file start-v9.cif (mmCIF, C-alpha atoms)
data_upload
loop_
_atom_site.label_atom_id
_atom_site.label_comp_id
_atom_site.auth_asym_id
_atom_site.auth_seq_id
_atom_site.Cartn_x
_atom_site.Cartn_y
_atom_site.Cartn_z
CA MET A 271 -8.79 -9.35 -8.31
CA ALA A 272 -7.67 -5.88 -7.30
CA LEU A 273 -8.13 -3.33 -4.53
CA SER A 274 -8.71 0.33 -5.41
CA LEU A 275 -8.63 3.16 -2.89
CA GLU A 276 -9.89 6.17 -4.82
CA ASN A 277 -9.34 9.58 -3.20
CA LEU A 278 -9.70 7.95 0.20
CA VAL A 279 -9.50 10.40 3.10
CA VAL A 280 -9.53 9.03 6.65
CA SER A 281 -10.33 11.46 9.46
CA HIS A 282 -10.46 11.54 13.25
CA ALA A 283 -13.24 13.88 14.32
CA GLN A 284 -12.51 16.95 12.14
CA ASN A 285 -8.83 16.19 11.62
CA THR A 286 -7.55 14.50 8.45
CA LEU A 287 -5.28 11.56 9.25
CA LEU A 288 -4.32 10.46 5.76
CA LYS A 289 -5.13 10.69 2.07
CA VAL A 290 -4.61 7.74 -0.28
CA ASN A 291 -5.23 7.26 -3.98
CA VAL A 292 -3.85 3.90 -5.10
CA CYS A 293 -4.66 0.64 -6.89
CA VAL A 294 -3.22 -2.63 -5.57
CA LYS A 295 -3.04 -5.12 -8.43
CA VAL A 296 -3.48 -8.88 -8.23
CA GLY A 297 -0.60 -10.52 -6.39
CA GLU A 298 0.81 -7.13 -5.36
CA ILE A 299 1.59 -6.12 -1.78
CA LEU A 300 1.16 -2.44 -0.96
CA THR A 301 3.23 -1.37 2.05
CA VAL A 302 2.00 1.45 4.30
CA MET A 303 4.62 2.85 6.66
CA GLY A 304 4.61 5.62 9.23
CA PRO A 305 4.90 6.40 12.94
CA SER A 306 2.33 5.44 15.55
CA GLY A 307 -0.74 7.63 15.26
CA ALA A 308 -0.32 8.25 11.53
CA GLY A 309 -3.44 6.22 10.76
CA LYS A 310 -2.02 2.97 9.37
CA SER A 311 -4.29 0.58 11.26
CA THR A 312 -7.21 2.99 10.85
CA LEU A 313 -6.79 2.67 7.08
CA LEU A 314 -7.09 -1.11 7.39
CA GLN A 315 -10.25 -0.72 9.48
CA ALA A 316 -11.78 1.41 6.74
CA ILE A 317 -10.97 -1.22 4.10
CA ILE A 318 -12.35 -4.11 6.12
CA GLY A 319 -15.50 -2.20 7.07
CA GLN A 320 -14.90 -1.81 10.79
CA LEU A 321 -14.22 1.91 11.09
CA HIS A 322 -16.24 3.49 13.87
CA GLY A 323 -16.66 7.00 15.30
CA PRO A 324 -14.98 9.34 15.96
CA PHE A 325 -13.16 8.01 12.86
CA SER A 326 -14.68 8.39 9.39
CA PHE A 327 -13.68 8.31 5.74
CA SER A 328 -14.66 9.70 2.37
CA GLY A 329 -13.77 8.43 -1.10
CA ILE A 330 -14.31 5.06 -2.73
CA ILE A 331 -13.13 1.55 -1.80
CA LYS A 332 -13.42 -0.98 -4.63
CA ILE A 333 -12.69 -4.70 -4.55
CA ASN A 334 -12.62 -6.34 -7.97
CA GLY A 335 -14.30 -3.28 -9.44
CA VAL A 336 -17.20 -3.33 -6.96
CA VAL A 337 -17.71 -0.42 -4.55
CA VAL A 338 -17.86 -1.85 -1.02
CA ASN A 339 -18.29 1.36 0.99
CA ASP A 340 -21.71 0.33 2.23
CA LYS A 341 -21.10 -3.42 2.40
CA ALA A 342 -21.05 -5.10 5.80
CA ALA A 343 -17.61 -6.33 6.89
CA HIS A 344 -18.51 -10.03 6.59
CA LEU A 345 -19.58 -9.55 2.95
CA ARG A 346 -16.38 -7.88 1.74
CA LYS A 347 -14.24 -11.07 1.61
CA VAL A 348 -11.31 -9.30 3.24
CA GLY A 349 -8.96 -11.37 5.41
CA ILE A 350 -6.71 -9.82 8.04
CA MET A 351 -3.65 -10.92 10.03
CA PHE A 352 -2.47 -9.18 13.18
CA GLN A 353 0.69 -9.18 15.33
CA ASP A 354 -0.85 -12.01 17.38
CA ALA A 355 -2.07 -15.16 15.63
CA LEU A 356 -5.44 -14.89 17.45
CA LEU A 357 -6.17 -18.59 17.03
CA PHE A 358 -9.07 -20.16 18.92
CA GLU A 359 -7.37 -21.88 21.85
CA HIS A 360 -10.29 -24.26 22.51
CA MET A 361 -9.96 -25.66 18.98
CA THR A 362 -7.37 -27.88 17.34
CA VAL A 363 -5.22 -26.66 14.45
CA ALA A 364 -7.53 -28.32 11.91
CA GLU A 365 -10.65 -26.93 13.59
CA ASN A 366 -9.19 -23.41 13.45
CA ILE A 367 -8.65 -23.68 9.70
CA ALA A 368 -12.00 -25.41 9.10
CA PHE A 369 -13.80 -22.61 10.95
CA ALA A 370 -12.77 -20.13 8.23
CA MET A 371 -13.66 -22.31 5.25
CA PRO A 372 -16.81 -21.39 3.29
CA LYS A 373 -19.85 -23.31 4.48
CA ASP A 374 -20.52 -25.65 1.55
CA SER A 375 -23.17 -28.32 2.10
CA HIS A 376 -21.68 -30.36 -0.76
CA THR A 377 -18.31 -30.74 0.99
CA ASN A 378 -18.29 -33.48 3.61
CA ARG A 379 -16.12 -33.45 6.71
CA LYS A 380 -13.67 -36.03 5.34
CA ALA A 381 -13.02 -34.02 2.19
CA LYS A 382 -12.57 -30.87 4.26
CA MET A 383 -10.06 -32.56 6.59
CA GLU A 384 -8.13 -33.90 3.60
CA ALA A 385 -7.96 -30.40 2.14
CA ILE A 386 -6.70 -29.03 5.48
CA GLU A 387 -4.01 -31.72 5.74
CA GLU A 388 -2.89 -30.84 2.22
CA MET A 389 -2.62 -27.16 3.22
CA LEU A 390 -0.62 -28.06 6.34
CA SER A 391 1.72 -30.32 4.37
CA ALA A 392 2.40 -27.50 1.92
CA VAL A 393 3.83 -25.37 4.75
CA ASP A 394 5.80 -28.16 6.49
CA LEU A 395 3.19 -28.69 9.18
CA ALA A 396 2.00 -32.15 8.13
CA GLY A 397 0.36 -34.22 10.85
CA ILE A 398 -0.35 -31.46 13.39
CA GLY A 399 -4.04 -31.04 12.58
CA GLU A 400 -5.20 -32.62 15.83
CA ARG A 401 -2.78 -30.71 18.05
CA ALA A 402 -3.88 -27.90 20.35
CA VAL A 403 -2.81 -24.52 18.98
CA THR A 404 -1.34 -23.67 22.39
CA SER A 405 1.29 -26.38 21.83
CA LEU A 406 2.65 -24.66 18.72
CA SER A 407 5.67 -22.37 18.45
CA GLY A 408 5.25 -18.73 17.41
CA GLY A 409 6.30 -19.49 13.85
CA GLN A 410 3.91 -22.43 13.60
CA GLN A 411 1.06 -20.31 14.93
CA SER A 412 1.83 -17.62 12.33
CA ARG A 413 1.63 -20.18 9.53
CA VAL A 414 -1.63 -21.63 10.83
CA SER A 415 -3.03 -18.11 11.15
CA LEU A 416 -2.28 -17.37 7.50
CA LEU A 417 -3.68 -20.73 6.41
CA ARG A 418 -6.88 -19.90 8.26
CA THR A 419 -7.00 -16.53 6.51
CA LEU A 420 -6.42 -18.12 3.09
CA ALA A 421 -8.97 -20.87 3.81
CA SER A 422 -11.70 -18.21 3.86
CA GLN A 423 -10.89 -17.56 0.17
CA PRO A 424 -10.45 -13.79 0.60
CA ASP A 425 -10.36 -11.36 -2.32
CA VAL A 426 -8.01 -9.07 -0.33
CA VAL A 427 -5.66 -9.69 2.61
CA LEU A 428 -4.62 -7.05 5.14
CA LEU A 429 -1.43 -7.53 7.18
CA ASP A 430 -1.24 -5.47 10.37
CA GLU A 431 2.40 -5.87 11.48
CA PRO A 432 2.06 -9.68 11.52
CA PHE A 433 5.82 -10.31 11.76
CA SER A 434 6.74 -7.82 14.48
CA LYS A 435 6.76 -10.31 17.37
CA LEU A 436 8.94 -12.90 15.64
CA ASP A 437 12.70 -13.10 16.15
CA PHE A 438 14.90 -12.01 13.24
CA ALA A 439 15.53 -15.40 11.60
CA LEU A 440 11.95 -16.57 11.96
CA ARG A 441 10.64 -13.19 10.84
CA GLU A 442 12.51 -13.44 7.55
CA GLN A 443 11.31 -17.01 6.96
CA ILE A 444 7.63 -16.41 7.77
CA ARG A 445 7.58 -13.11 5.88
CA SER A 446 9.01 -14.72 2.75
CA TRP A 447 6.57 -17.61 2.98
CA THR A 448 3.57 -15.32 3.54
CA PHE A 449 4.38 -13.10 0.57
CA LYS A 450 4.97 -16.15 -1.64
CA GLN A 451 1.54 -17.56 -0.71
CA LEU A 452 -0.26 -14.30 -1.46
CA LYS A 453 1.48 -13.79 -4.79
CA ALA A 454 0.93 -17.40 -5.87
CA ARG A 455 -2.81 -16.97 -5.24
CA ASN A 456 -2.95 -13.55 -6.99
CA ILE A 457 -4.36 -11.92 -3.87
CA PRO A 458 -3.83 -8.15 -3.51
CA ALA A 459 -2.60 -7.27 -0.02
CA VAL A 460 -1.92 -4.24 2.15
CA LEU A 461 0.93 -4.49 4.66
CA VAL A 462 1.23 -2.11 7.60
CA THR A 463 4.71 -2.08 9.11
CA HIS A 464 7.43 -0.01 10.78
CA ASP A 465 10.14 -2.20 9.29
CA LYS A 466 11.87 -1.17 6.04
CA GLU A 467 12.98 -4.78 5.49
CA ASP A 468 9.31 -5.80 5.38
CA ALA A 469 8.65 -3.13 2.76
CA PHE A 470 11.64 -4.18 0.68
CA ALA A 471 10.65 -7.86 0.84
CA ALA A 472 7.07 -7.07 -0.19
CA GLY A 473 8.39 -5.65 -3.45
CA GLY A 474 5.34 -3.48 -4.20
CA GLN A 475 4.35 0.15 -3.87
CA ILE A 476 5.23 1.96 -0.65
CA ILE A 477 3.22 4.74 0.97
CA GLU A 478 4.87 6.63 3.82
CA LEU A 479 2.53 8.45 6.16
CA SER A 480 3.55 11.29 8.46
CA SER A 481 2.14 11.91 11.91
CA CYS A 482 -0.19 14.84 12.42
#

call {"tool": "encode", "arguments": {"input": "start-v9.cif", "output": "structure tokens"}}
result
Amino acid sequence: MALSLENLVVSHAQNTLLKVNVCVKVGEILTVMGPSGAGKSTLLQAIIGQLHGPFSFSGIIKINGVVVNDKAAHLRKVGIMFQDALLFEHMTVAENIAFAMPKDSHTNRKAKMEAIEEMLSAVDLAGIGERAVTSLSGGQQSRVSLLRTLASQPDVVLLDEPFSKLDFALREQIRSWTFKQLKARNIPAVLVTHDKEDAFAAGGQIIELSSC
């Protein structure tokens, strides 16, 4: 799996926001840095297929060698994490993760719940599947959010400042765990951040954008 952004130019009305020409290899995390208004989150919207006017882009976006420029967002198999966990508060932890899992008629509910419990155990959250997500700490919600993203079996993961609201100690822990999960699954990722420590921890290519 790989993500290629070939001569990608993102614009706002008639103004060019950014130009990118890069390939993100399997298990690699590309970091995009820059001030507010430089177009970092707009770049992610272009990749995921949710860029709307007055924004536009030219160039080619490929996922696993396939051009996805004209593919609908839900067909691109791109997962995204934001600053907020954005979990469904009316659902339990297990229901949140199950919601993202591919709809497979051959997988019964018991097998799905066992798979979810295995995922939770792997991140030191064993036994919380039936808890309300509102009862979780910020760090726990971040882990559940990533598990939900990974449960959708994405080909690419986008990270839009997902660690910025965590305190320093928790930030380092969740960041390290997140990067380890992505690399272990050979998933190419794009991280948007203001934090140089995030970029250093990601260990991949770094693109620094300047404001217009």

call {"tool": "closest_residue", "arguments": {"input": "start-v9.cif", "among": "A:Val462, A:Glu400, A:Glu384, A:Val336", "to": "Val427 (chain A)", "atoms": "only C-alpha atoms"}}
result
A:Val462

call {"tool": "residues_around", "arguments": {"input": "start-v9.cif", "residues": "region 361-368 of chain A", "least_positions_apart": "5", "cutoff": "7 Å", "atoms": "all atoms listed in the file", "output": "list in words"}}
result
Ile386, Ile398, Gly399, Glu400, Arg401, Ala402, Val403, Leu417, Arg418 and Ala421 of chain A

call {"tool": "write_last_selection", "arguments": {"input": "start-v9.cif", "atoms": "C-alpha atoms", "output": "PDB file, in the frame of the given file"}}
result
ATOM      1  CA  ILE A 386      -6.700 -29.030   5.480  1.00  0.00           C
ATOM      2  CA  ILE A 398      -0.350 -31.460  13.390  1.00  0.00           C
ATOM      3  CA  GLY A 399      -4.040 -31.040  12.580  1.00  0.00           C
ATOM      4  CA  GLU A 400      -5.200 -32.620  15.830  1.00  0.00           C
ATOM      5  CA  ARG A 401      -2.780 -30.710  18.050  1.00  0.00           C
ATOM      6  CA  ALA A 402      -3.880 -27.900  20.350  1.00  0.00           C
ATOM      7  CA  VAL A 403      -2.810 -24.520  18.980  1.00  0.00           C
ATOM      8  CA  LEU A 417      -3.680 -20.730   6.410  1.00  0.00           C
ATOM      9  CA  ARG A 418      -6.880 -19.900   8.260  1.00  0.00           C
ATOM     10  CA  ALA A 421      -8.970 -20.870   3.810  1.00  0.00           C
TER      11      ALA A 421
END

call {"tool": "residues_around", "arguments": {"input": "start-v9.cif", "residues": "Leu288 (chain A)", "least_positions_apart": "2", "cutoff": "6 Å", "atoms": "only C-alpha atoms", "output": "ChimeraX atom specification"}}
result
/A:279-280,286

call {"tool": "residues_around", "arguments": {"input": "start-v9.cif", "residues": "Ser328 (chain A)", "least_positions_apart": "6", "cutoff": "12 Å", "atoms": "only C-alpha atoms", "output": "PyMOL selection string"}}
result
chain A and resi 275-282+286-291+313+316-317+321+339-340

call {"tool": "resolve_selection", "arguments": {"input": "start-v9.cif", "expression": "the PyMOL selection byres ((chain A and resi 453-461) around 6)", "output": "number ranges by chain"}}
result
A: 272, 294-301, 426-429, 450-452, 462

call {"tool": "residues_near_point", "arguments": {"input": "start-v9.cif", "point": "(2.8, -19.7, 12.2)", "cutoff": "10 Å", "atoms": "all atoms listed in the file", "output": "PDB file with C-alpha atoms, in the coordinates of the input"}}
result
ATOM      1  CA  ASP A 354      -0.850 -12.010  17.380  1.00  0.00           C
ATOM      2  CA  ALA A 355      -2.070 -15.160  15.630  1.00  0.00           C
ATOM      3  CA  VAL A 393       3.830 -25.370   4.750  1.00  0.00           C
ATOM      4  CA  LEU A 395       3.190 -28.690   9.180  1.00  0.00           C
ATOM      5  CA  LEU A 406       2.650 -24.660  18.720  1.00  0.00           C
ATOM      6  CA  SER A 407       5.670 -22.370  18.450  1.00  0.00           C
ATOM      7  CA  GLY A 408       5.250 -18.730  17.410  1.00  0.00           C
ATOM      8  CA  GLY A 409       6.300 -19.490  13.850  1.00  0.00           C
ATOM      9  CA  GLN A 410       3.910 -22.430  13.600  1.00  0.00           C
ATOM     10  CA  GLN A 411       1.060 -20.310  14.930  1.00  0.00           C
ATOM     11  CA  SER A 412       1.830 -17.620  12.330  1.00  0.00           C
ATOM     12  CA  ARG A 413       1.630 -20.180   9.530  1.00  0.00           C
ATOM     13  CA  VAL A 414      -1.630 -21.630  10.830  1.00  0.00           C
ATOM     14  CA  SER A 415      -3.030 -18.110  11.150  1.00  0.00           C
ATOM     15  CA  LEU A 416      -2.280 -17.370   7.500  1.00  0.00           C
ATOM     16  CA  LEU A 417      -3.680 -20.730   6.410  1.00  0.00           C
ATOM     17  CA  PHE A 433       5.820 -10.310  11.760  1.00  0.00           C
ATOM     18  CA  LEU A 436       8.940 -12.900  15.640  1.00  0.00           C
ATOM     19  CA  LEU A 440      11.950 -16.570  11.960  1.00  0.00           C
ATOM     20  CA  ILE A 444       7.630 -16.410   7.770  1.00  0.00           C
ATOM     21  CA  THR A 448       3.570 -15.320   3.540  1.00  0.00           C
TER      22      THR A 448
END

call {"tool": "residues_around", "arguments": {"input": "start-v9.cif", "residues": "Ala308 (chain A)", "least_positions_apart": "2", "cutoff": "8 Å", "atoms": "all atoms listed in the file", "output": "PyMOL selection string"}}
result
chain A and resi 287-288+304-306+310+479-482

call {"tool": "closest_residue", "arguments": {"input": "start-v9.cif", "among": "A:Phe327, A:Trp447, A:Phe352, A:Phe358", "to": "Ser311 (chain A)", "atoms": "all atoms listed in the file"}}
result
A:Phe352

call {"tool": "resolve_selection", "arguments": {"input": "start-v9.cif", "expression": "the PyMOL selection byres ((chain A and resi 468) around 12)", "output": "MDAnalysis selection string"}}
result
chainID A and resid 299:303 429:434 438 441:446 448:449 460:467 469:474 476

call {"tool": "atom_distance", "arguments": {"input": "start-v9.cif", "atom1": "CA of Ala370 (chain A)", "atom2": "CA of Thr419 (chain A)"}}
result
7.0 Å

call {"tool": "atom_distance", "arguments": {"input": "start-v9.cif", "atom1": "CA of Met389 (chain A)", "atom2": "CA of Ile318 (chain A)"}}
result
25.2 Å

call {"tool": "build_atoms", "arguments": {"input": "start-v9.cif", "residues": "region 377-396 of chain A", "atoms": "N, CA and C atoms", "output": "PDB file, in the coordinates of the input"}}
result
ATOM      1  N   THR A 377     -19.633 -30.275   0.565  1.00  0.00           N
ATOM      2  CA  THR A 377     -18.310 -30.740   0.990  1.00  0.00           C
ATOM      3  C   THR A 377     -18.441 -31.448   2.331  1.00  0.00           C
ATOM      4  N   ASN A 378     -18.160 -32.751   2.354  1.00  0.00           N
ATOM      5  CA  ASN A 378     -18.290 -33.480   3.610  1.00  0.00           C
ATOM      6  C   ASN A 378     -17.065 -33.272   4.490  1.00  0.00           C
ATOM      7  N   ARG A 379     -17.182 -33.710   5.734  1.00  0.00           N
ATOM      8  CA  ARG A 379     -16.120 -33.450   6.710  1.00  0.00           C
ATOM      9  C   ARG A 379     -14.801 -34.116   6.290  1.00  0.00           C
ATOM     10  N   LYS A 380     -14.888 -35.322   5.745  1.00  0.00           N
ATOM     11  CA  LYS A 380     -13.670 -36.030   5.340  1.00  0.00           C
ATOM     12  C   LYS A 380     -12.915 -35.260   4.273  1.00  0.00           C
ATOM     13  N   ALA A 381     -13.651 -34.775   3.277  1.00  0.00           N
ATOM     14  CA  ALA A 381     -13.020 -34.020   2.190  1.00  0.00           C
ATOM     15  C   ALA A 381     -12.396 -32.730   2.726  1.00  0.00           C
ATOM     16  N   LYS A 382     -13.078 -32.110   3.678  1.00  0.00           N
ATOM     17  CA  LYS A 382     -12.570 -30.870   4.260  1.00  0.00           C
ATOM     18  C   LYS A 382     -11.280 -31.128   5.046  1.00  0.00           C
ATOM     19  N   MET A 383     -11.253 -32.213   5.821  1.00  0.00           N
ATOM     20  CA  MET A 383     -10.060 -32.560   6.590  1.00  0.00           C
ATOM     21  C   MET A 383      -8.889 -32.920   5.685  1.00  0.00           C
ATOM     22  N   GLU A 384      -9.188 -33.567   4.557  1.00  0.00           N
ATOM     23  CA  GLU A 384      -8.130 -33.900   3.600  1.00  0.00           C
ATOM     24  C   GLU A 384      -7.548 -32.627   2.983  1.00  0.00           C
ATOM     25  N   ALA A 385      -8.414 -31.667   2.707  1.00  0.00           N
ATOM     26  CA  ALA A 385      -7.960 -30.400   2.140  1.00  0.00           C
ATOM     27  C   ALA A 385      -7.080 -29.646   3.151  1.00  0.00           C
ATOM     28  N   ILE A 386      -7.471 -29.706   4.429  1.00  0.00           N
ATOM     29  CA  ILE A 386      -6.700 -29.030   5.480  1.00  0.00           C
ATOM     30  C   ILE A 386      -5.331 -29.684   5.639  1.00  0.00           C
ATOM     31  N   GLU A 387      -5.289 -31.009   5.612  1.00  0.00           N
ATOM     32  CA  GLU A 387      -4.010 -31.720   5.740  1.00  0.00           C
ATOM     33  C   GLU A 387      -3.097 -31.379   4.563  1.00  0.00           C
ATOM     34  N   GLU A 388      -3.673 -31.212   3.392  1.00  0.00           N
ATOM     35  CA  GLU A 388      -2.890 -30.840   2.220  1.00  0.00           C
ATOM     36  C   GLU A 388      -2.301 -29.442   2.402  1.00  0.00           C
ATOM     37  N   MET A 389      -3.087 -28.523   2.955  1.00  0.00           N
ATOM     38  CA  MET A 389      -2.620 -27.160   3.220  1.00  0.00           C
ATOM     39  C   MET A 389      -1.473 -27.182   4.243  1.00  0.00           C
ATOM     40  N   LEU A 390      -1.652 -27.982   5.303  1.00  0.00           N
ATOM     41  CA  LEU A 390      -0.620 -28.060   6.340  1.00  0.00           C
ATOM     42  C   LEU A 390       0.668 -28.659   5.793  1.00  0.00           C
ATOM     43  N   SER A 391       0.539 -29.679   4.967  1.00  0.00           N
ATOM     44  CA  SER A 391       1.720 -30.320   4.370  1.00  0.00           C
ATOM     45  C   SER A 391       2.490 -29.340   3.507  1.00  0.00           C
ATOM     46  N   ALA A 392       1.766 -28.454   2.826  1.00  0.00           N
ATOM     47  CA  ALA A 392       2.400 -27.500   1.920  1.00  0.00           C
ATOM     48  C   ALA A 392       3.277 -26.494   2.661  1.00  0.00           C
ATOM     49  N   VAL A 393       3.042 -26.336   3.963  1.00  0.00           N
ATOM     50  CA  VAL A 393       3.830 -25.370   4.750  1.00  0.00           C
ATOM     51  C   VAL A 393       4.639 -26.084   5.842  1.00  0.00           C
ATOM     52  N   ASP A 394       4.969 -27.374   5.578  1.00  0.00           N
ATOM     53  CA  ASP A 394       5.800 -28.160   6.490  1.00  0.00           C
ATOM     54  C   ASP A 394       5.194 -28.334   7.872  1.00  0.00           C
ATOM     55  N   LEU A 395       3.876 -28.468   7.907  1.00  0.00           N
ATOM     56  CA  LEU A 395       3.190 -28.690   9.180  1.00  0.00           C
ATOM     57  C   LEU A 395       2.336 -29.965   9.118  1.00  0.00           C
ATOM     58  N   ALA A 396       2.765 -30.913   8.300  1.00  0.00           N
ATOM     59  CA  ALA A 396       2.000 -32.150   8.130  1.00  0.00           C
ATOM     60  C   ALA A 396       1.822 -32.879   9.461  1.00  0.00           C
TER      61      ALA A 396
END
